[in-house]
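Trainee: File name work00.cif; file contents mmCIF, C-alpha atoms; full text below.
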```cif
data_run
loop_
_atom_site.label_atom_id
_atom_site.label_comp_id
_atom_site.auth_asym_id
_atom_site.auth_seq_id
_atom_site.Cartn_x
_atom_site.Cartn_y
_atom_site.Cartn_z
CA MET A 59 13.40 -1.11 22.93
CA GLU A 60 12.61 -0.44 26.59
CA THR A 61 15.11 2.44 26.62
CA ASP A 62 13.58 3.91 23.46
CA LEU A 63 10.12 3.74 24.95
CA PHE A 64 11.31 5.33 28.18
CA GLU A 65 13.04 8.10 26.22
CA LYS A 66 9.88 8.79 24.23
CA LEU A 67 7.73 8.95 27.35
CA ARG A 68 10.34 11.09 29.12
CA MET A 69 10.30 13.58 26.24
CA GLU A 70 6.50 13.77 26.37
CA LEU A 71 6.64 14.35 30.12
CA ARG A 72 9.28 17.05 29.79
CA ARG A 73 7.60 18.99 26.97
CA GLY A 74 5.09 20.89 29.11
CA SER A 75 7.42 21.17 32.09
CA LEU A 76 10.09 22.92 30.01
CA ILE A 77 7.73 25.75 29.09
CA LEU A 78 6.90 26.25 32.75
CA ALA A 79 10.57 26.17 33.78
CA VAL A 80 11.53 28.70 31.07
CA LEU A 81 8.74 31.07 32.07
CA VAL A 82 9.69 30.87 35.75
CA GLN A 83 13.38 31.42 35.02
CA LEU A 84 12.58 34.41 32.85
CA ARG A 85 11.06 36.31 35.72
CA SER A 86 14.58 37.71 35.63
CA GLU A 87 16.17 38.73 32.33
CA HIS A 88 18.39 36.28 30.47
CA TYR A 89 19.78 35.74 27.02
CA GLY A 90 19.72 32.26 25.52
CA TYR A 91 23.09 31.00 26.70
CA THR A 92 22.75 32.19 30.33
CA LEU A 93 19.16 30.94 30.44
CA ARG A 94 20.33 27.49 29.41
CA LYS A 95 23.10 27.58 32.02
CA ALA A 96 20.69 28.74 34.73
CA LEU A 97 18.24 25.92 33.95
CA ALA A 98 21.08 23.38 33.90
CA THR A 99 22.25 24.60 37.32
CA HIS A 100 18.82 23.67 38.67
CA GLY A 101 19.07 20.22 37.05
CA LEU A 102 17.06 20.90 33.89
CA ASP A 103 19.17 20.36 30.79
CA ILE A 104 17.76 21.68 27.54
CA ASP A 105 19.55 21.77 24.21
CA GLU A 106 19.68 25.00 22.26
CA GLY A 107 17.84 23.43 19.33
CA THR A 108 14.80 23.14 21.59
CA LEU A 109 15.30 26.29 23.65
CA TYR A 110 15.62 28.97 20.97
CA PRO A 111 12.55 27.98 18.91
CA LEU A 112 10.62 27.66 22.20
CA LEU A 113 11.62 31.19 23.22
CA ARG A 114 10.44 32.54 19.88
CA ARG A 115 7.14 30.68 20.13
CA LEU A 116 6.49 32.00 23.64
CA GLU A 117 7.31 35.50 22.46
CA THR A 118 4.92 35.17 19.51
CA GLN A 119 2.25 34.07 21.99
CA GLY A 120 2.86 37.25 23.99
CA LEU A 121 4.21 35.50 27.09
CA LEU A 122 7.76 36.87 26.68
CA THR A 123 9.35 40.09 25.50
CA SER A 124 12.79 40.36 23.98
CA GLN A 125 15.34 43.04 23.29
CA TRP A 126 18.59 43.09 21.33
CA ARG A 127 21.37 44.70 23.38
CA GLU A 128 25.14 44.81 23.26
CA GLU A 129 26.99 43.04 26.04
CA ASP A 130 30.64 41.97 26.09
CA LYS A 131 31.08 43.56 22.68
CA ARG A 132 28.42 41.29 21.18
CA ASN A 133 24.79 41.70 20.32
CA LYS A 134 22.60 39.47 22.45
CA ARG A 135 18.89 38.96 22.59
CA PHE A 136 17.58 39.29 26.13
CA TYR A 137 14.28 37.71 27.12
CA ARG A 138 12.03 38.29 30.10
CA LEU A 139 8.51 37.38 31.16
CA ALA A 140 5.98 39.80 29.63
CA ALA A 141 3.38 41.56 31.77
CA GLU A 142 0.70 39.51 29.96
CA GLY A 143 2.61 36.33 30.73
CA GLN A 144 2.67 36.90 34.51
CA PRO A 145 -0.96 35.91 35.33
CA ILE A 146 -0.79 32.96 32.93
CA LEU A 147 2.39 31.73 34.61
CA GLU A 148 0.72 31.94 38.02
CA GLN A 149 -2.25 29.93 36.76
CA LEU A 150 0.07 27.37 35.22
CA LEU A 151 1.99 27.04 38.49
CA VAL A 152 -1.27 26.44 40.38
CA GLU A 153 -2.13 23.79 37.82
CA TRP A 154 1.34 22.24 38.08
CA ARG A 155 1.19 22.03 41.89
CA ALA A 156 -2.30 20.49 41.74
CA LEU A 157 -1.05 17.94 39.21
CA ASP A 158 2.01 17.17 41.32
CA ALA A 159 -0.15 16.75 44.45
CA ALA A 160 -2.63 14.53 42.60
CA LEU A 161 0.13 12.33 41.18
CA THR A 162 1.81 12.02 44.57
CA SER A 163 -1.53 11.09 46.13
CA ILE A 164 -2.21 8.47 43.44
CA ASP A 165 1.32 7.05 43.86
CA VAL A 166 0.88 6.80 47.65
CA ALA A 167 -2.56 5.19 47.31
CA SER A 168 -1.31 2.63 44.75
CA PRO A 169 2.30 1.81 45.69
CA ALA A 170 4.44 -0.09 43.23
CA THR A 171 4.43 -3.84 43.95
CA PRO A 172 7.14 -6.24 42.82
CA ASN A 173 6.25 -8.68 40.06
CA PRO A 174 5.05 -12.07 41.41
CA MET B 105 35.13 30.89 13.16
CA ASP B 106 34.84 30.43 9.44
CA LEU B 107 33.05 27.13 10.16
CA ILE B 108 30.43 28.94 12.26
CA GLU B 109 29.80 31.46 9.50
CA ARG B 110 29.42 28.64 6.99
CA TYR B 111 27.09 26.78 9.35
CA LEU B 112 24.92 29.88 9.84
CA GLN B 113 24.78 30.47 6.10
CA ALA B 114 23.57 26.90 5.63
CA VAL B 115 20.90 27.32 8.32
CA LYS B 116 19.72 30.59 6.75
CA GLY B 117 19.21 28.76 3.47
CA TYR B 118 16.35 26.78 5.05
CA LEU B 119 14.66 29.74 6.77
CA PRO B 120 12.04 32.18 5.43
CA ALA B 121 13.68 35.38 4.12
CA GLY B 122 12.04 37.63 6.72
CA GLN B 123 13.45 35.68 9.68
CA GLN B 124 16.86 34.60 8.38
CA ASP B 125 19.01 37.42 9.81
CA ASP B 126 17.28 37.55 13.18
CA ILE B 127 17.48 33.81 13.84
CA ALA B 128 21.03 33.57 12.49
CA ALA B 129 22.18 36.42 14.74
CA GLU B 130 20.76 34.70 17.80
CA LEU B 131 22.24 31.35 16.80
CA LYS B 132 25.60 33.00 16.22
CA ASP B 133 25.57 34.46 19.70
CA SER B 134 24.62 31.09 21.16
CA LEU B 135 27.42 29.29 19.29
CA LEU B 136 30.02 31.93 20.15
CA SER B 137 28.97 31.79 23.81
CA GLN B 138 29.41 28.02 23.75
CA VAL B 139 32.84 28.39 22.15
CA GLU B 140 33.85 30.93 24.80
CA GLY B 141 32.59 28.68 27.57
CA ARG B 142 34.47 25.68 26.18
CA GLU B 143 37.66 27.69 25.64
CA ALA B 144 37.49 28.96 29.21
CA GLU B 145 37.29 25.33 30.40
CA LEU B 146 40.19 24.23 28.17
CA GLY B 147 42.33 27.30 28.83
CA ARG B 148 43.15 27.57 25.12
CA THR B 149 41.61 28.30 21.74
CA MET B 150 39.43 25.55 20.27
CA THR B 151 40.79 23.68 17.27
CA ALA B 152 38.89 23.48 13.97
CA ASP B 153 37.99 19.82 14.73
CA GLU B 154 36.61 20.72 18.16
CA CYS B 155 34.60 23.52 16.58
CA ALA B 156 33.26 21.11 13.95
CA ALA B 157 32.27 18.68 16.72
CA LEU B 158 30.36 21.45 18.49
CA LEU B 159 28.49 22.35 15.31
CA LYS B 160 27.72 18.70 14.67
CA GLN B 161 26.28 18.47 18.17
CA SER B 162 24.03 21.45 17.39
CA GLY B 163 22.44 19.47 14.56
CA HIS B 164 22.20 19.47 10.79
CA PRO B 165 21.40 22.96 9.42
CA MET B 166 18.14 21.72 7.91
CA LEU B 167 17.03 20.20 11.23
CA VAL B 168 17.98 23.32 13.20
CA ALA B 169 16.08 25.56 10.75
CA SER B 170 13.04 23.26 10.72
CA ARG B 171 12.51 23.82 14.45
CA TYR B 172 11.79 27.50 13.76
CA LEU B 173 9.20 26.79 11.10
CA PRO B 174 5.55 26.96 12.15
CA GLN B 175 4.26 23.65 10.77
CA GLN B 176 6.36 20.51 11.00
CA TYR B 177 4.03 18.12 9.21
CA LEU B 178 2.01 17.79 6.05
CA ILE B 179 -0.92 15.94 7.64
CA SER B 180 -1.29 16.14 11.42
CA PRO B 181 -2.07 13.06 13.55
CA GLY B 182 -5.61 14.42 14.07
CA MET B 183 -6.21 14.74 10.33
CA TYR B 184 -4.43 11.52 9.39
CA PRO B 185 -7.41 9.08 9.80
CA PHE B 186 -9.54 11.20 7.43
CA TRP B 187 -6.71 11.48 4.94
CA TRP B 188 -6.17 7.70 5.03
CA ALA B 189 -9.90 6.95 4.69
CA SER B 190 -10.09 9.29 1.67
CA MET B 191 -7.02 7.66 0.13
CA ARG B 192 -8.54 4.19 0.50
CA ILE B 193 -11.82 5.26 -1.12
CA MET B 194 -9.90 6.94 -3.95
CA LEU B 195 -7.75 3.82 -4.51
CA LEU B 196 -10.85 1.62 -4.46
CA VAL B 197 -12.61 3.73 -7.11
CA VAL B 198 -9.51 3.96 -9.34
CA ALA B 199 -8.93 0.20 -8.98
CA LEU B 200 -12.57 -0.47 -9.89
CA VAL B 201 -12.43 1.73 -12.98
CA TYR B 202 -9.11 0.31 -14.17
CA GLY B 203 -10.19 -3.23 -13.31
CA LEU B 204 -13.19 -2.85 -15.64
CA LEU B 205 -11.04 -1.21 -18.31
CA ALA B 206 -8.55 -4.08 -18.04
CA VAL B 207 -11.33 -6.63 -18.57
CA PHE B 208 -12.60 -4.72 -21.62
CA SER B 209 -9.05 -4.52 -23.02
CA MET B 210 -8.58 -8.25 -22.45
CA TYR B 211 -11.80 -8.90 -24.28
CA ALA B 212 -10.78 -6.58 -27.12
CA ALA B 213 -7.43 -8.37 -27.36
CA GLY B 214 -9.26 -11.49 -28.49
CA ARG B 215 -6.95 -14.45 -28.94
CA SER B 216 -3.73 -12.46 -29.45
CA PHE B 217 -1.49 -13.15 -26.44
CA GLN B 218 0.85 -10.26 -27.31
CA VAL B 219 -1.99 -7.72 -27.49
CA LEU B 220 -3.39 -9.15 -24.24
CA ILE B 221 -0.08 -8.61 -22.39
CA GLN B 222 0.26 -5.12 -23.88
CA SER B 223 -3.24 -4.15 -22.78
CA LEU B 224 -2.56 -5.51 -19.28
CA ILE B 225 0.67 -3.48 -19.00
CA GLN B 226 -1.17 -0.37 -20.26
CA SER B 227 -3.96 -0.84 -17.70
CA THR B 228 -1.43 -1.32 -14.87
CA ASN B 229 0.51 1.78 -15.93
CA GLY B 230 -2.73 3.73 -16.22
CA PHE B 231 -3.79 2.63 -12.74
CA LEU B 232 -0.43 3.54 -11.16
CA GLY B 233 -0.29 6.93 -12.88
CA THR B 234 -3.88 7.84 -12.02
CA ALA B 235 -3.60 6.56 -8.43
CA LEU B 236 -0.41 8.58 -7.88
CA PHE B 237 -2.00 11.71 -9.35
CA TYR B 238 -5.12 11.45 -7.18
CA ALA B 239 -3.03 10.58 -4.11
CA ALA B 240 -1.21 13.87 -4.65
CA VAL B 241 -4.53 15.71 -5.11
CA VAL B 242 -6.03 14.19 -1.92
CA THR B 243 -2.86 15.04 0.04
CA LEU B 244 -2.87 18.59 -1.30
CA VAL B 245 -6.53 19.08 -0.31
CA PHE B 246 -5.83 17.79 3.22
CA TRP B 247 -2.74 19.97 3.47
CA LEU B 248 -4.95 22.98 2.67
CA PHE B 249 -7.46 21.82 5.32
CA GLU B 250 -4.55 21.58 7.75
CA ARG B 251 -3.18 25.01 6.95
CA ASN B 252 -6.59 26.66 7.21
CA GLN B 253 -7.58 24.72 10.34
CA VAL B 254 -10.72 23.36 8.68
CA ARG B 255 -12.95 21.41 11.04
CA PHE B 256 -15.26 18.69 9.77
CA GLY B 257 -18.83 19.44 10.82
CA PHE B 258 -19.75 15.76 11.16
CA LEU B 259 -17.23 15.39 13.99
CA ASP B 260 -19.37 17.70 16.13
CA CYS B 261 -22.85 16.82 14.83
CA TRP B 262 -23.08 13.06 15.18
CA ASN B 263 -25.54 10.87 16.99
CA PRO B 264 -24.23 7.89 19.01
CA ALA B 265 -27.65 6.21 18.64
CA LYS B 266 -27.07 5.98 14.88
CA LEU B 267 -23.89 3.91 15.24
CA ALA B 268 -24.06 0.37 13.85
CA PRO B 269 -25.04 -2.24 16.46
CA VAL B 270 -22.29 -4.41 17.89
CA ALA B 271 -21.61 -7.18 15.37
CA PRO B 272 -19.64 -10.36 16.02
CA LYS B 273 -16.67 -11.16 13.83
CA GLN B 274 -18.66 -13.74 11.82
CA SER B 275 -21.01 -10.95 10.67
CA SER B 276 -18.33 -8.89 8.97
CA ILE B 277 -18.09 -9.00 5.17
CA SER B 278 -14.76 -8.74 3.39
CA ARG B 279 -14.70 -5.57 1.26
CA GLY B 280 -12.45 -7.34 -1.25
CA GLU B 281 -15.11 -10.03 -1.68
CA SER B 282 -17.82 -7.40 -2.15
CA LEU B 283 -15.69 -5.57 -4.69
CA PHE B 284 -15.11 -8.77 -6.63
CA GLU B 285 -18.87 -9.51 -6.58
CA LEU B 286 -19.59 -5.99 -7.80
CA ILE B 287 -17.13 -6.19 -10.72
CA PHE B 288 -18.28 -9.69 -11.64
CA GLY B 289 -21.97 -8.65 -11.33
CA VAL B 290 -21.54 -5.62 -13.61
CA LEU B 291 -19.68 -7.68 -16.22
CA PHE B 292 -22.29 -10.44 -16.06
CA VAL B 293 -25.25 -8.05 -16.50
CA LEU B 294 -23.51 -6.27 -19.40
CA TRP B 295 -22.86 -9.62 -21.05
CA TRP B 296 -26.42 -10.83 -20.39
CA LEU B 297 -27.80 -7.64 -21.98
CA GLY B 298 -25.55 -8.15 -25.00
CA ALA B 299 -23.55 -4.96 -24.36
CA ILE B 300 -20.35 -6.98 -24.33
CA SER B 301 -19.62 -10.42 -25.68
CA PHE B 302 -16.88 -12.95 -25.15
CA ALA B 303 -15.41 -15.29 -27.74
CA ALA B 304 -17.77 -18.32 -27.57
CA GLN B 305 -15.23 -20.59 -29.19
CA PHE B 306 -13.11 -23.53 -28.22
CA SER B 307 -10.86 -25.96 -30.02
CA HIS B 308 -12.26 -29.45 -30.63
CA HIS B 309 -9.99 -31.99 -32.38
CA GLY B 310 -7.83 -29.09 -33.60
CA LYS B 311 -10.71 -27.15 -35.15
CA PRO B 312 -12.47 -24.05 -33.74
CA VAL B 313 -16.03 -24.69 -32.60
CA THR B 314 -18.49 -21.85 -32.06
CA PHE B 315 -21.29 -22.41 -29.56
CA ALA B 316 -24.30 -20.52 -28.18
CA MET B 317 -26.99 -20.87 -25.53
CA SER B 318 -30.02 -22.91 -26.50
CA SER B 319 -33.63 -21.72 -26.42
CA ALA B 320 -34.02 -23.47 -23.03
CA TRP B 321 -32.68 -20.31 -21.35
CA ALA B 322 -35.31 -18.00 -22.92
CA PRO B 323 -38.01 -18.33 -20.15
CA TYR B 324 -35.39 -17.41 -17.55
CA TRP B 325 -33.89 -14.35 -19.27
CA TRP B 326 -35.74 -11.80 -17.12
CA PRO B 327 -35.36 -13.64 -13.77
CA ILE B 328 -31.60 -14.07 -14.38
CA LEU B 329 -31.26 -10.38 -15.30
CA ALA B 330 -33.18 -9.41 -12.14
CA LEU B 331 -30.90 -11.66 -10.07
CA GLY B 332 -27.80 -10.09 -11.63
CA VAL B 333 -29.00 -6.55 -10.90
CA GLY B 334 -30.03 -7.61 -7.38
CA GLU B 335 -26.56 -9.08 -6.72
CA ILE B 336 -24.97 -5.78 -7.82
CA GLY B 337 -27.21 -3.88 -5.40
CA LEU B 338 -26.33 -6.29 -2.59
CA ALA B 339 -22.59 -5.97 -3.34
CA ILE B 340 -22.83 -2.16 -3.22
CA ALA B 341 -24.73 -2.31 0.10
CA ASN B 342 -22.10 -4.72 1.51
CA LEU B 343 -19.30 -2.49 0.30
CA ILE B 344 -20.76 0.55 2.07
CA SER B 345 -21.73 -1.25 5.27
CA PRO B 346 -19.62 -4.42 5.59
CA TYR B 347 -21.77 -6.22 8.18
CA TRP B 348 -24.49 -8.76 7.64
CA ARG B 349 -27.92 -7.50 8.72
CA TRP B 350 -31.02 -9.67 8.89
CA ASN B 351 -32.67 -7.89 5.93
CA ARG B 352 -29.65 -8.37 3.68
CA LEU B 353 -29.34 -11.98 4.81
CA LEU B 354 -32.97 -12.59 3.88
CA VAL B 355 -32.43 -10.97 0.47
CA ARG B 356 -29.38 -13.17 -0.20
CA ILE B 357 -31.25 -16.30 0.91
CA LEU B 358 -34.07 -15.34 -1.46
CA PHE B 359 -31.62 -14.76 -4.34
CA ASN B 360 -29.93 -18.11 -3.70
CA VAL B 361 -33.25 -20.02 -3.44
CA VAL B 362 -34.39 -18.51 -6.75
CA SER B 363 -30.98 -19.30 -8.30
CA ILE B 364 -31.21 -22.95 -7.22
CA GLY B 365 -34.78 -23.11 -8.57
CA ILE B 366 -33.69 -21.80 -11.96
CA ALA B 367 -30.65 -24.11 -11.97
CA TYR B 368 -32.92 -27.09 -11.21
CA GLN B 369 -35.26 -26.17 -14.08
CA LEU B 370 -32.32 -25.73 -16.46
CA PHE B 371 -30.74 -28.99 -15.28
CA SER B 372 -33.84 -30.86 -16.41
CA GLU B 373 -33.30 -29.56 -19.96
CA GLU B 374 -31.13 -31.85 -22.07
CA THR B 375 -29.72 -29.16 -24.39
CA LEU B 376 -28.49 -25.97 -22.82
CA ILE B 377 -25.66 -25.27 -25.29
CA VAL B 378 -25.81 -25.67 -29.06
CA VAL B 379 -22.86 -25.89 -31.38
CA ALA B 380 -23.47 -23.47 -34.23
CA ASP B 381 -20.64 -24.22 -36.55
CA ALA B 382 -21.25 -25.59 -40.00
CA ALA B 383 -17.54 -25.89 -40.67
CA ILE B 384 -17.18 -29.17 -38.81
CA ASP B 385 -18.93 -32.34 -39.71
CA THR B 386 -22.15 -33.35 -38.02
CA GLY B 387 -20.71 -36.26 -36.05
CA ARG B 388 -17.97 -34.20 -34.46
CA SER B 389 -20.39 -31.31 -33.89
CA ALA B 390 -22.77 -33.61 -32.01
CA GLY B 391 -19.89 -34.97 -29.91
CA ALA B 392 -18.78 -31.46 -29.00
CA GLU B 393 -22.35 -30.50 -28.10
CA VAL B 394 -22.79 -33.48 -25.79
CA TRP B 395 -19.47 -32.71 -24.11
CA LEU B 396 -20.40 -29.02 -23.67
CA ASN B 397 -23.82 -29.83 -22.20
CA LYS B 398 -22.30 -32.28 -19.76
CA MET B 399 -19.96 -29.52 -18.62
CA MET B 400 -22.84 -27.08 -18.27
CA HIS B 401 -24.92 -29.56 -16.25
CA GLY B 402 -21.89 -30.15 -14.01
CA LEU B 403 -21.43 -26.40 -13.59
CA LEU B 404 -25.10 -26.02 -12.57
CA VAL B 405 -24.65 -28.71 -9.90
CA ILE B 406 -21.51 -27.02 -8.53
CA LEU B 407 -23.19 -23.59 -8.50
CA SER B 408 -26.27 -25.04 -6.76
CA LEU B 409 -24.04 -26.57 -4.07
CA VAL B 410 -22.27 -23.21 -3.54
CA TRP B 411 -25.64 -21.44 -3.22
CA LEU B 412 -26.89 -24.14 -0.86
CA PHE B 413 -23.85 -23.69 1.43
CA GLU B 414 -24.41 -19.93 1.38
CA ILE B 415 -28.05 -20.45 2.38
CA LEU B 416 -27.03 -22.70 5.29
CA GLY B 417 -24.43 -20.14 6.43
CA ASP B 418 -26.93 -17.29 6.18
CA VAL B 419 -29.63 -19.22 8.08
CA ARG B 420 -27.08 -19.89 10.85
CA ARG B 421 -26.20 -16.16 10.95
CA LEU B 422 -29.91 -15.31 11.18
CA PHE B 423 -30.40 -17.71 14.10
CA ARG B 424 -27.37 -16.27 15.91
CA ALA B 425 -28.67 -12.74 15.35
CA SER B 426 -32.09 -13.68 16.74
CA GLU B 427 -30.45 -15.33 19.79
CA ARG B 428 -28.52 -12.15 20.54
CA THR B 429 -31.64 -9.98 20.34
#
```
How would this structure read if it were set down as structure tokens?
Mentor:
Amino acid sequence: METDLFEKLRMELRRGSLILAVLVQLRSEHYGYTLRKALATHGLDIDEGTLYPLLRRLETQGLLTSQWREEDKRNKRFYRLAAEGQPILEQLLVEWRALDAALTSIDVASPATPNP
Amino acid sequence: MDLIERYLQAVKGYLPAGQQDDIAAELKDSLLSQVEGREAELGRTMTADECAALLKQSGHPMLVASRYLPQQYLISPGMYPFWWASMRIMLLVVALVYGLLAVFSMYAAGRSFQVLIQSLIQSTNGFLGTALFYAAVVTLVFWLFERNQVRFGFLDCWNPAKLAPVAPKQSSISRGESLFELIFGVLFVLWWLGAISFAAQFSHHGKPVTFAMSSAWAPYWWPILALGVGEIGLAIANLISPYWRWNRLLVRILFNVVSIGIAYQLFSEETLIVVADAAIDTGRSAGAEVWLNKMMHGLLVILSLVWLFEILGDVRRLFRASERT
């Protein structure tokens, strides 16, 4: 029960962060598999069932561009941050840092106390 | 690799035609890249079982395809409360209509138990069929709202000052109770007006006895009709706004005081019910009439006590309301 609740809250917490991480990582070009590997290297695991639909959604929203190209004798779809996505990413990063700072400040001001 | 092709074919089956090839091509590359990665780790070719395990880990084809579809729900969480409220109103109306129809069918069935059961089954079937149909219609309408991003104007144009004042729990009125009062009130008024009639018969010493109201009720015909109509109005008001307000409490106290007054007047009459059956002999007829009138006098006492308790409860609610203000 407690684990289920934690998992649900963790998923909610991750949802917005994943978009940000994908946009940041796609400042350099990647196709799905290498993007997933690159994110995992930095400690952010994401399953392909979440990643590929997310990439398509971000492309539809104009934040990413994609291109089919042959590499290693196979057609791959390469993604990168679109020019229109750049300023939005910067704004989102500002927002993220402000949120992180606010949360840290709140946590410091109200430290966790053990149950009586 | 045959498994991957079969998997992709299954995924494509759940995708819109225009996107099938594009999504499948990307998925194929992802799966093949994973196979290559795994084979590089193992230093050998993957077996069919290992490949099946990888596909299973990717998810059921329907689930994988569903993640690419634009809308993942019929009614969104934001729209759900309005959908549920509409469903409840619809069910209430259908239940009311079929409840009345059931009563009419029961009346029409007369004394035949078989016909009575048949009419009850028919009414229940009718209710279930109609409720299911309208549930589908309501859901379809809300699905269209959802798809077209319809916004309800009243969500933006509302006035907090017009919200109902804070009411304690004792002031709330059960909607089920109000619904019952409404159905009963409508049936009573229809019967009082003569629009419907019930079998005024009972068995006395094995013979059917027909009875009717005596002339003692005549002076009270209009006041009782007015009370019946008033009770219907009160039940409708309670159904719409299920909280006791001082004005409605005063109206109910008035209704109950008048009801007790009429009951008191009627109680003083010796004959309220007359047996109108020439088929049984005079002695038995007189015995049946006495028995019926005793029952009616008893019923008037019980009803008066119920009304009296309601008056006391309402007066207490009024005092509490005045203390709060």
Trainee: List every residue of chain B that has an atom at most 7 Å from any atom of chain A, giving for each one its closest atom pair and the distance in Å to one decimal, counting all atoms listed in the file, sorted by chain and then by ascending residue number, as a tab-separated table.
Mentor:
```
residue	atom	partner	partner_atom	distance
B:Glu130	CA	A:Arg135	CA	6.7
B:Asp133	CA	A:Lys134	CA	6.4
B:Ser134	CA	A:Tyr91	CA	5.7
B:Ser137	CA	A:Tyr91	CA	6.6
B:Ser162	CA	A:Gly107	CA	6.8
B:Val168	CA	A:Gly107	CA	6.1
B:Arg171	CA	A:Pro111	CA	6.1
B:Tyr172	CA	A:Pro111	CA	5.2
```
Trainee: List as a list of chain:residue names the protein and nucleic acid residues near B:Gly298, meaning an atom at most 12 Å away when only C-alpha atoms are counted, but skip any in the same chain fewer than 5 places from it.
Mentor: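 Listed by chain and then number, they are B:Leu291, B:Phe292, B:Val293, B:Trp325, B:Leu329.
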Trainee: On this file, the PyMOL selection byres ((chain B and resi 203) around 10) gives some set of residues; write that set as a list in words.
Mentor: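 That selection, the PyMOL selection byres ((chain B and resi 203) around 10), comes back as Val197, Val198, Ala199, Leu200, Val201, Tyr202, Leu204, Leu205, Ala206, Val207, Phe208, Ser209, Leu224, Ser227, Thr228, Phe231, Phe284 and Ile287 of chain B.
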Trainee: Keeping only C-alpha atoms, write the selected residues to a file as a PDB file, in the frame of the given file.
Mentor:
```
ATOM      1  CA  VAL B 197     -12.610   3.730  -7.110  1.00  0.00           C
ATOM      2  CA  VAL B 198      -9.510   3.960  -9.340  1.00  0.00           C
ATOM      3  CA  ALA B 199      -8.930   0.200  -8.980  1.00  0.00           C
ATOM      4  CA  LEU B 200     -12.570  -0.470  -9.890  1.00  0.00           C
ATOM      5  CA  VAL B 201     -12.430   1.730 -12.980  1.00  0.00           C
ATOM      6  CA  TYR B 202      -9.110   0.310 -14.170  1.00  0.00           C
ATOM      7  CA  LEU B 204     -13.190  -2.850 -15.640  1.00  0.00           C
ATOM      8  CA  LEU B 205     -11.040  -1.210 -18.310  1.00  0.00           C
ATOM      9  CA  ALA B 206      -8.550  -4.080 -18.040  1.00  0.00           C
ATOM     10  CA  VAL B 207     -11.330  -6.630 -18.570  1.00  0.00           C
ATOM     11  CA  PHE B 208     -12.600  -4.720 -21.620  1.00  0.00           C
ATOM     12  CA  SER B 209      -9.050  -4.520 -23.020  1.00  0.00           C
ATOM     13  CA  LEU B 224      -2.560  -5.510 -19.280  1.00  0.00           C
ATOM     14  CA  SER B 227      -3.960  -0.840 -17.700  1.00  0.00           C
ATOM     15  CA  THR B 228      -1.430  -1.320 -14.870  1.00  0.00           C
ATOM     16  CA  PHE B 231      -3.790   2.630 -12.740  1.00  0.00           C
ATOM     17  CA  PHE B 284     -15.110  -8.770  -6.630  1.00  0.00           C
ATOM     18  CA  ILE B 287     -17.130  -6.190 -10.720  1.00  0.00           C
TER      19      ILE B 287
END
```
Trainee: Out of B:Ser372, B:Thr243, B:Ser278, B:Gln124, which residue has the shortest atom-to-atom distance to B:Phe186 when counting all atoms listed in the file?
Mentor: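 Answer, going by the shortest atom-to-atom distance: B:Thr243.
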Trainee: Rank nothing, just name the residue among A:His88, A:Glu117, A:Gly101, A:Glu142 nearest to A:Glu129, using only C-alpha atoms.
Mentor: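 Of the candidates, the smallest distance to A:Glu129 is held by A:His88.
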Trainee: As an NGL selection string, please: the residues near B:Leu404 (cut-off 9 Å, all atoms listed in the file, same-chain neighbours under 2 positions excluded).
Mentor: :B and (364 or 367-368 or 370-371 or 399-402 or 406-409)
Trainee: Hey, what's within 12 Å of A:Asp103 if we count all atoms listed in the file and toss same-chain stuff fewer than 4 positions away? As a PyMOL selection string, please?
Mentor: chain A and resi 72+75-76+79-80+93-99+107-109
Trainee: How about saving the chosen residues, C-alpha atoms kept, as an mmCIF file, in the coordinates of the input?
Mentor:
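The result, stored in part28.cif:
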```cif
data_model
loop_
_atom_site.group_PDB
_atom_site.id
_atom_site.type_symbol
_atom_site.label_atom_id
_atom_site.label_comp_id
_atom_site.auth_asym_id
_atom_site.auth_seq_id
_atom_site.Cartn_x
_atom_site.Cartn_y
_atom_site.Cartn_z
ATOM 1 C CA ARG A 72 9.280 17.050 29.790
ATOM 2 C CA SER A 75 7.420 21.170 32.090
ATOM 3 C CA LEU A 76 10.090 22.920 30.010
ATOM 4 C CA ALA A 79 10.570 26.170 33.780
ATOM 5 C CA VAL A 80 11.530 28.700 31.070
ATOM 6 C CA LEU A 93 19.160 30.940 30.440
ATOM 7 C CA ARG A 94 20.330 27.490 29.410
ATOM 8 C CA LYS A 95 23.100 27.580 32.020
ATOM 9 C CA ALA A 96 20.690 28.740 34.730
ATOM 10 C CA LEU A 97 18.240 25.920 33.950
ATOM 11 C CA ALA A 98 21.080 23.380 33.900
ATOM 12 C CA THR A 99 22.250 24.600 37.320
ATOM 13 C CA GLY A 107 17.840 23.430 19.330
ATOM 14 C CA THR A 108 14.800 23.140 21.590
ATOM 15 C CA LEU A 109 15.300 26.290 23.650
#
```
Trainee: For a test of reading the model, state the distance in Å between atom CA of B:Ile415 and atom CA of B:Leu196, rounded to one decimal.
Mentor: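 Those two atoms sit 28.8 Å apart.
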Trainee: Separation of atom CA of A:Thr162 and atom CA of A:Val82, in Å?
Mentor: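 Result for atom CA of A:Thr162 versus atom CA of A:Val82: 22.3 Å, one decimal.
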Trainee: Report, in Å with one decimal, the straight-line distance from atom CA of B:Leu167 to atom CA of B:Leu244.
Mentor: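 We find that atom CA of B:Leu167 and atom CA of B:Leu244 lie 23.6 Å from each other.
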Trainee: What do you get, as a list of chain:residue names, if you spell out every residue that the PyMOL selection byres ((chain B and resi 236-241) around 10) selects here?
Mentor: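 Applying the expression gives B:Trp187, B:Ser190, B:Met191, B:Arg192, B:Met194, B:Leu195, B:Val198, B:Gly230, B:Phe231, B:Leu232, B:Gly233, B:Thr234, B:Ala235, B:Val242, B:Thr243, B:Leu244, B:Val245, B:Phe246, B:Trp247.
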